[in-house]
Each structure stands twice: as structure tokens, then as C-alpha cells.
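A.B. asks: I have a structure I would like to understand better, so I am pasting it below and will then ask my questions one at a time.
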Amino acid sequence: MNTDRKIHALINRRKSIRAFSPKKITHSVIKDCLEAARWTPSSGNNQPWRYIIIDKKSPNRAKLEATLSKGNGWAKQAPVLVVVCAREEDDPSYSDTDYFGYDTGMSIMSFVLEAQHQGLKCHQMGGFDHEAAKKVLSIPKEYSVWAITAVGYPGKVSSLDERTQAKEKQKRVRKLITEVAFRDKFGKTY
Ligand SMILES: Cc1cc2nc3c(=O)[nH]c(=O)nc-3n(C[C@H](O)[C@H](O)[C@H](O)COP(=O)(O)O)c2cc1C
């Protein structure tokens with residue numbers, strides 16, 4: 001258990017792992033995850049998210065891996081890399097609120113939770129050269145690339161280099177509810 005409160009195991013047991021097994025993921029399982037993402041709520045039902053699935057056989061795999069930051073090298077082991085992008089035109093912002101980002105993030109979470117349900121693990125990454133990734137995948141310039149998500153079955157932590165192993169073994173922590181939730185008005189303790 002990662003929490004002292006009883007929350008659903010799908011949420012409680014989700015973890016952004018770094019050690020992936022080489023075991024292949026079937027197209028059917030990936031389609032289930034995409035189906036979960038498809039049913040995400042969005043502002044005006046605009047569904048701005050666009051997914052690009054890159055498996056080990058993709059002709060763009062090596063070039064996409066090359067865009068990852070050095071610290072995200074572990075992600076090269078993952079059988080699937082999922083790239084999600086969106087553009088504002090498909091889900092307009094109101095005032096200073098970018099709903100295309102909000103909705104796209106929610107859809108990734110739906111993907112991640114379905115993946116967790118199917119026995120997979122996901123690790124989202126913002127640490128990559130966004131412009132280079134756009135170029136590699138022919139993503140039009142008006143799209144923002146929100147994340148690359150490594151997807152796969154859990155592997156052996158011992159397969160990671162020492163530094164990454166240490167990160168993998170770190171205790172997962174969160175802010176307290178009282179730090180992030182208020183009662184009646186902003187700042188008033190819940
Ligand atoms: C938008 C986003 C970007 C992230 N970027 C990276 C990254 O570049 N490298 C990395 O190792 N983890 C990255 N993470 C994973 C977070 O560090 C991780 O979710 C957080 O530490 C909480 O751990 P948990 O997901 O296991 O609960 C990212 C997560 C999100 C949602």
C-alpha cells in the first residue's frame with residue numbers, strides 16, 4: 001500500500017516504473033488503452049488529444065529514443081513509447097485556462113489506468129527534445145507534444161544502472177491533503 005487511506009488499487013498500485021520487461025504488448029491491449037483514452041471527458045467534448053504509438057519495430061523508434069534526455073535512457077527498454085500531442089485550435093482556451101492541455105492530460109491518465117488494469121505499467125516523461133520529437137514524427141507545428149509515455153510490463157530492477165536503480169527504490173511521497181485541498185476558500189485548512 002502506498003497510502004494509509006483505502007483508495008482503489010488501480011490508483012494505489014500505479015507507479016511510474018523504470019525497469020521494463022522486453023515482453024511484447026499486443027495491439028489488442030494497446031487498443032484497449034486507447035479506447036479508455038477515447039472515452040475521457042473534455043471541454044465541449046472537443047477530444048483534442050492525438051496519440052502516436054511507437055513500438056520497437058517502428059521506423060521512427062531509434063530517432064524518437066534519441067530525443068530523450070540522458071536521465072530518461074531507461075525508457076529505451078520499454079516495448080512501446082506513446083506520444084501524445086494536441087493543439088489549441090481543437091479545444092479552445094477560456095480566459096487564461098488552456099483546456100486542450102487539461103483535457104489531454106486527463107486522457108493520458110485514462111490510458112495509464114487502463115494499462116494498469118491490463119497488468120502494464122506506464123511512465124510519462126517531459127524530459128525529451130520536444131521540437132526534435134515533433135520533427136521525427138511529422139507532427140505539425142501548431143501541436144504541443146505533452147509527453148512521451150513508456151509502456152510495458154514490469155521488468156527486473158537489477159537490469160538498470162546503479163543510479164537508476166537508486167531512483168527506482170526511492171520512497172514515493174506526496175503532499176498532505178491539507179497542503180493541496182482547502183475548505184470554503186483558498187488557503188483555509190481542510
Ligand atoms: C508530465 C510529466 C512529466 C514527467 N517527466 C518525467 C521525466 O522526464 N522523467 C522521469 O523520470 N519521470 C517523469 N515523470 C514522472 C514523475 O516524476 C512521477 O510521476 C512522479 O515522481 C510521481 O511518481 P509516480 O508516478 O510513481 O507516482 C513525469 C510525469 C509527468 C506527469
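In the C-alpha cells, the first chain shown is A, the next is B, and so on; residue numbers restart at 1 for each chain, and ligands run from 1 in the order shown.
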Output the neighbourhood of ligand 1 as a PyMOL selection string, that is, all protein and nucleic acid residues with some atom at most 10 Å from the ligand, counting only C-alpha atoms and all ligand atoms.
C.D. replies: chain A and resi 2+11-18+68-75+105+108-109+121-128+146-150+164+167-168+170-174
A.B. asks: Quick check for you: according to DSSP on this backbone, which residues of chain A are classed as strand (DSSP E)? Reply as a PyMOL selection string.
C.D. replies: chain A and resi 50-55+80-86+121-125+144-152
A.B. asks: Write the selection just made, keeping C-alpha atoms, as a short mmCIF file (atom, residue, chain, number, x, y, z; two decimals), in the first residue's frame?
C.D. replies:
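Dumped everything to selection.cif:
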data_model
loop_
_atom_site.label_atom_id
_atom_site.label_comp_id
_atom_site.auth_asym_id
_atom_site.auth_seq_id
_atom_site.Cartn_x
_atom_site.Cartn_y
_atom_site.Cartn_z
CA ARG A 50 -3.83 12.72 -30.64
CA TYR A 51 -1.77 9.60 -29.91
CA ILE A 52 1.19 8.15 -31.79
CA ILE A 53 2.19 4.61 -30.85
CA ILE A 54 5.82 3.72 -31.41
CA ASP A 55 6.76 0.08 -30.88
CA VAL A 80 6.07 0.84 -26.52
CA LEU A 81 6.51 4.60 -26.41
CA VAL A 82 3.32 6.61 -26.63
CA VAL A 83 3.47 10.20 -27.76
CA VAL A 84 0.53 12.47 -27.09
CA CYS A 85 0.02 15.83 -28.72
CA ALA A 86 -2.76 18.37 -29.06
CA LYS A 121 3.00 0.00 -16.19
CA CYS A 122 3.45 3.47 -17.67
CA HIS A 123 5.98 6.21 -17.08
CA GLN A 124 5.23 9.62 -18.52
CA MET A 125 8.13 11.84 -19.50
CA SER A 144 2.20 20.75 -28.47
CA VAL A 145 3.80 17.44 -27.59
CA TRP A 146 2.72 16.94 -23.99
CA ALA A 147 4.52 13.75 -23.07
CA ILE A 148 6.21 10.58 -24.17
CA THR A 149 4.93 7.68 -22.09
CA ALA A 150 6.94 4.49 -21.75
CA VAL A 151 4.62 1.47 -21.58
CA GLY A 152 5.46 -2.13 -20.74
#
A.B. asks: Using only C-alpha atoms, which residues sit within 9 Å of region 60-63 of chain A once same-chain residues fewer than 4 positions away are excluded, as JSON, numbers by chain?
C.D. replies: {"A": [54, 55, 56, 67, 76, 81, 132, 133, 136, 137]}
A.B. asks: Skip Glu88 (chain A) itself and residues of its chain fewer than 3 positions away, then list as a PDB file with N, CA, C and O atoms, in the first residue's frame all residues within 12 Å of it, counting only C-alpha atoms.
C.D. replies:
ATOM      1  N   SER A  43     -13.567  19.379 -22.374  1.00  0.00           N
ATOM      2  CA  SER A  43     -14.296  20.637 -22.511  1.00  0.00           C
ATOM      3  C   SER A  43     -15.024  20.663 -23.856  1.00  0.00           C
ATOM      4  O   SER A  43     -14.386  20.476 -24.900  1.00  0.00           O
ATOM      5  N   ASN A  46     -14.515  18.186 -26.907  1.00  0.00           N
ATOM      6  CA  ASN A  46     -13.647  18.514 -28.048  1.00  0.00           C
ATOM      7  C   ASN A  46     -12.580  17.460 -28.358  1.00  0.00           C
ATOM      8  O   ASN A  46     -12.027  17.439 -29.462  1.00  0.00           O
ATOM      9  N   GLN A  47     -12.234  16.642 -27.372  1.00  0.00           N
ATOM     10  CA  GLN A  47     -11.315  15.496 -27.589  1.00  0.00           C
ATOM     11  C   GLN A  47     -10.056  15.896 -28.382  1.00  0.00           C
ATOM     12  O   GLN A  47      -9.810  15.383 -29.484  1.00  0.00           O
ATOM     13  N   PRO A  48      -9.268  16.807 -27.826  1.00  0.00           N
ATOM     14  CA  PRO A  48      -8.139  17.348 -28.590  1.00  0.00           C
ATOM     15  C   PRO A  48      -6.935  16.406 -28.708  1.00  0.00           C
ATOM     16  O   PRO A  48      -6.054  16.627 -29.533  1.00  0.00           O
ATOM     17  N   TRP A  49      -6.875  15.364 -27.890  1.00  0.00           N
ATOM     18  CA  TRP A  49      -5.687  14.501 -27.830  1.00  0.00           C
ATOM     19  C   TRP A  49      -5.487  13.730 -29.120  1.00  0.00           C
ATOM     20  O   TRP A  49      -6.410  13.281 -29.780  1.00  0.00           O
ATOM     21  N   CYS A  85      -0.079  14.420 -28.336  1.00  0.00           N
ATOM     22  CA  CYS A  85       0.018  15.829 -28.722  1.00  0.00           C
ATOM     23  C   CYS A  85      -1.389  16.396 -28.892  1.00  0.00           C
ATOM     24  O   CYS A  85      -2.368  15.655 -28.999  1.00  0.00           O
ATOM     25  N   ASP A  91      -9.572  22.689 -29.176  1.00  0.00           N
ATOM     26  CA  ASP A  91     -10.172  22.715 -27.832  1.00  0.00           C
ATOM     27  C   ASP A  91      -9.831  24.076 -27.221  1.00  0.00           C
ATOM     28  O   ASP A  91      -8.920  24.198 -26.399  1.00  0.00           O
ATOM     29  N   PRO A  92     -10.546  25.106 -27.648  1.00  0.00           N
ATOM     30  CA  PRO A  92     -10.103  26.471 -27.329  1.00  0.00           C
ATOM     31  C   PRO A  92     -10.003  26.768 -25.833  1.00  0.00           C
ATOM     32  O   PRO A  92     -10.764  26.232 -25.031  1.00  0.00           O
ATOM     33  N   SER A  93      -9.080  27.662 -25.505  1.00  0.00           N
ATOM     34  CA  SER A  93      -8.888  28.094 -24.120  1.00  0.00           C
ATOM     35  C   SER A  93      -9.955  29.119 -23.758  1.00  0.00           C
ATOM     36  O   SER A  93     -10.472  29.818 -24.621  1.00  0.00           O
ATOM     37  N   TYR A  94     -10.304  29.190 -22.486  1.00  0.00           N
ATOM     38  CA  TYR A  94     -11.170  30.239 -21.978  1.00  0.00           C
ATOM     39  C   TYR A  94     -10.344  31.072 -21.031  1.00  0.00           C
ATOM     40  O   TYR A  94      -9.700  30.530 -20.140  1.00  0.00           O
ATOM     41  N   THR A  97      -7.140  29.826 -19.290  1.00  0.00           N
ATOM     42  CA  THR A  97      -7.122  28.393 -18.999  1.00  0.00           C
ATOM     43  C   THR A  97      -7.005  27.589 -20.289  1.00  0.00           C
ATOM     44  O   THR A  97      -7.881  27.641 -21.145  1.00  0.00           O
ATOM     45  N   ASP A  98      -5.911  26.824 -20.387  1.00  0.00           N
ATOM     46  CA  ASP A  98      -5.663  26.012 -21.582  1.00  0.00           C
ATOM     47  C   ASP A  98      -6.349  24.661 -21.445  1.00  0.00           C
ATOM     48  O   ASP A  98      -5.769  23.708 -20.931  1.00  0.00           O
ATOM     49  N   TYR A  99      -7.577  24.581 -21.948  1.00  0.00           N
ATOM     50  CA  TYR A  99      -8.304  23.322 -21.787  1.00  0.00           C
ATOM     51  C   TYR A  99      -7.747  22.207 -22.658  1.00  0.00           C
ATOM     52  O   TYR A  99      -7.919  21.040 -22.351  1.00  0.00           O
ATOM     53  N   PHE A 100      -7.053  22.552 -23.730  1.00  0.00           N
ATOM     54  CA  PHE A 100      -6.524  21.455 -24.566  1.00  0.00           C
ATOM     55  C   PHE A 100      -5.442  20.680 -23.827  1.00  0.00           C
ATOM     56  O   PHE A 100      -5.318  19.466 -23.991  1.00  0.00           O
ATOM     57  N   GLY A 101      -4.725  21.378 -22.942  1.00  0.00           N
ATOM     58  CA  GLY A 101      -3.725  20.684 -22.123  1.00  0.00           C
ATOM     59  C   GLY A 101      -4.383  19.903 -20.999  1.00  0.00           C
ATOM     60  O   GLY A 101      -4.036  18.751 -20.736  1.00  0.00           O
ATOM     61  N   TYR A 102      -5.359  20.529 -20.372  1.00  0.00           N
ATOM     62  CA  TYR A 102      -6.086  19.887 -19.264  1.00  0.00           C
ATOM     63  C   TYR A 102      -6.716  18.577 -19.752  1.00  0.00           C
ATOM     64  O   TYR A 102      -6.551  17.515 -19.145  1.00  0.00           O
ATOM     65  N   ASP A 103      -7.433  18.674 -20.870  1.00  0.00           N
ATOM     66  CA  ASP A 103      -8.155  17.506 -21.390  1.00  0.00           C
ATOM     67  C   ASP A 103      -7.189  16.422 -21.871  1.00  0.00           C
ATOM     68  O   ASP A 103      -7.435  15.227 -21.684  1.00  0.00           O
ATOM     69  N   THR A 104      -6.096  16.841 -22.474  1.00  0.00           N
ATOM     70  CA  THR A 104      -5.124  15.856 -22.971  1.00  0.00           C
ATOM     71  C   THR A 104      -4.480  15.110 -21.797  1.00  0.00           C
ATOM     72  O   THR A 104      -4.313  13.887 -21.840  1.00  0.00           O
ATOM     73  N   LYS A 141       3.382  21.875 -36.747  1.00  0.00           N
ATOM     74  CA  LYS A 141       3.992  22.804 -35.776  1.00  0.00           C
ATOM     75  C   LYS A 141       3.006  23.371 -34.758  1.00  0.00           C
ATOM     76  O   LYS A 141       3.390  23.714 -33.647  1.00  0.00           O
ATOM     77  N   GLU A 142       1.724  23.440 -35.080  1.00  0.00           N
ATOM     78  CA  GLU A 142       0.755  24.030 -34.137  1.00  0.00           C
ATOM     79  C   GLU A 142       0.404  23.101 -32.971  1.00  0.00           C
ATOM     80  O   GLU A 142      -0.285  23.493 -32.039  1.00  0.00           O
ATOM     81  N   TYR A 143       0.883  21.869 -33.021  1.00  0.00           N
ATOM     82  CA  TYR A 143       0.626  20.922 -31.924  1.00  0.00           C
ATOM     83  C   TYR A 143       1.698  21.044 -30.840  1.00  0.00           C
ATOM     84  O   TYR A 143       2.872  21.253 -31.145  1.00  0.00           O
ATOM     85  N   SER A 144       1.249  20.893 -29.581  1.00  0.00           N
ATOM     86  CA  SER A 144       2.199  20.752 -28.471  1.00  0.00           C
ATOM     87  C   SER A 144       2.343  19.258 -28.197  1.00  0.00           C
ATOM     88  O   SER A 144       1.335  18.533 -28.165  1.00  0.00           O
ATOM     89  N   VAL A 145       3.578  18.833 -27.985  1.00  0.00           N
ATOM     90  CA  VAL A 145       3.795  17.438 -27.591  1.00  0.00           C
ATOM     91  C   VAL A 145       3.848  17.432 -26.067  1.00  0.00           C
ATOM     92  O   VAL A 145       4.781  17.968 -25.469  1.00  0.00           O
TER      93      VAL A 145
END
A.B. asks: From a DSSP calculation on the backbone, collect every residue of chain A in helix (DSSP H, G or I) and output the set as a PyMOL selection string.
C.D. replies: chain A and resi 9-12+27-38+43-45+61-65+70-77+88-90+99-117+130-136+157-159+162-169+177-180
A.B. asks: Can you tell me how far CA of Thr26 (chain A) sits from CA of Arg38 (chain A), in Å to one decimal?
C.D. replies: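 Atom-to-atom, CA of Thr26 (chain A) to CA of Arg38 (chain A), that is 18.5 Å.
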A.B. asks: Report, in Å with one decimal, the straight-line distance from CA of Ser42 (chain A) to CA of Ser110 (chain A).
C.D. replies: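 According to the coordinates, CA of Ser42 (chain A) and CA of Ser110 (chain A) are separated by 12.0 Å.
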A.B. asks: Pick from A:Ser107, A:Pro79, A:Leu176, A:His117: nearest to Ile25 (chain A), with only C-alpha atoms counted?
C.D. replies: A:Pro79
A.B. asks: Please report the interatomic distance between CA of Arg163 (chain A) and CA of Ala19 (chain A) in Å with one decimal.
C.D. replies: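 Taking CA of Arg163 (chain A) as the start and CA of Ala19 (chain A) as the end point, the length is 12.5 Å.
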